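These notes are about the structure you will find just below.
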Amino acid sequence: MKDMILNQININDQKNECKSRIESLENWLRRIVDKDLTEKYGFDYLNNVKKEIKDNIQIRYNNSPDKYSRLIDASDLSHLIQIFCNPNFYNDIFIKYQNKFYPENMSKGENYLKYLFDKLYEIRCNLSHANEISIKDFEFVMYFTSAQIESYNDFYIKSGKEQDYGLDPKFSTQTLY
């Protein structure tokens with residue numbers, strides 16, 4: 001797909017690829033949030049997030065407990081964005097995952113990241129409601145999700161944890177699309 005002209009890709013294939021990439025990113029965010037907040041705050045780490053987020057996740061979990069293996073699995077992308085980009089969590093915990101995405105010394109990096117995640121969320125909502133997306137939206141999803149996941153992979157590889165996540169170090173700088 002890398003060498004194809006984007007407007008030659010069938011719109012349904014574009015939508016399916018976008019949905020798949022966004023879901024993959026959501027799974028990565030759930031894994032990261034659960035792992036890192038559990039290490040910092042313990043298993044009841046959601047008590048440290050905004051009450052509205054915690055309550056929404058808890059309601060979703062309670063409505064379908066058989067559907068979710070962990071409480072964080074009941075979160076949606078908007079919850080994950082708010083947790084991941086919260087300045088306290090971001091600067092103290094999650095910034096380490098962004099070193100490949102942009103420089104560590106970037107002032108207010110969580111604001112820029114939240115802006116990009118919000119753009120992704122808007123596209124995700126359009127896809128969920130069967131609305132059209134543009135070629136630029138498709139391109140953004142392809143780039144942003146790949147860059148984020150590549151940055152997470154890079155962190156784990158540099159930390160020597162590639163075996164924990166089934167990552168291959170020789171692909172740490174490979175473009176994912």
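Here, A, B, ... name the chains of the structure tokens in the order displayed, residue numbers run from 1 inside each chain, and ligands are numbered from 1 in the same displayed order.
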Quick check for you: according to DSSP on this backbone, which residues of segment 77-138 of chain A are classed as helix (DSSP H, G or I)? Reply as a ChimeraX atom specification.
/A:77-84,87-92,94-98,109-128,135-138
As a VMD selection string, please: the residues near Phe117 of chain A (cut-off 7 Å, only C-alpha atoms, same-chain neighbours under 4 positions excluded).
chain A and resid 81 113 121
Contacts of segment 16-31 of chain A within 7 Å, only C-alpha atoms, excl. fewer than 2 positions in-chain, as a PyMOL selection string
chain A and resi 12-14+33-35+72-73+77+80+138+141-142+145+149
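Coordinates place atom CA of Asp118 of chain A at a distance of 12.5 Å from atom CA of Asp137 of chain A.
When the distance limit is 10 Å and only C-alpha atoms are what count, the residues near segment 44-46 of chain A, minus those fewer than 6 positions from it on the same chain, are Val33, Asp34, Asp36, Leu37, Thr38, Ile53, Lys54, Asp55, Ile57, Gln58, Leu71, Ile72 and Ile83 of chain A.
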Serialized selection, C-alpha atoms, as a tab-separated table (two decimals), in the first residue's frame:
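Done, and the output landed in out.tsv:
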chain	number	residue	atom	x	y	z
A	33	VAL	CA	-2.24	2.92	30.39
A	34	ASP	CA	-2.99	-0.28	32.29
A	36	ASP	CA	2.09	2.07	33.62
A	37	LEU	CA	-0.71	3.33	35.84
A	38	THR	CA	-0.85	-0.03	37.64
A	53	ILE	CA	-13.83	9.19	32.96
A	54	LYS	CA	-13.66	6.58	35.71
A	55	ASP	CA	-17.46	6.53	36.06
A	57	ILE	CA	-15.56	3.31	32.07
A	58	GLN	CA	-17.15	1.64	35.09
A	71	LEU	CA	-11.71	-2.56	33.46
A	72	ILE	CA	-9.55	-0.48	31.08
A	83	ILE	CA	-5.85	9.82	30.33
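Put simply, atom CA of Glu132 of chain A is 15.8 Å away from atom CA of Gln8 of chain A.
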Straight-line distance linking atom CA of Asp76 of chain A with atom CA of Ser159 of chain A, stated in Å to one decimal
27.7 Å
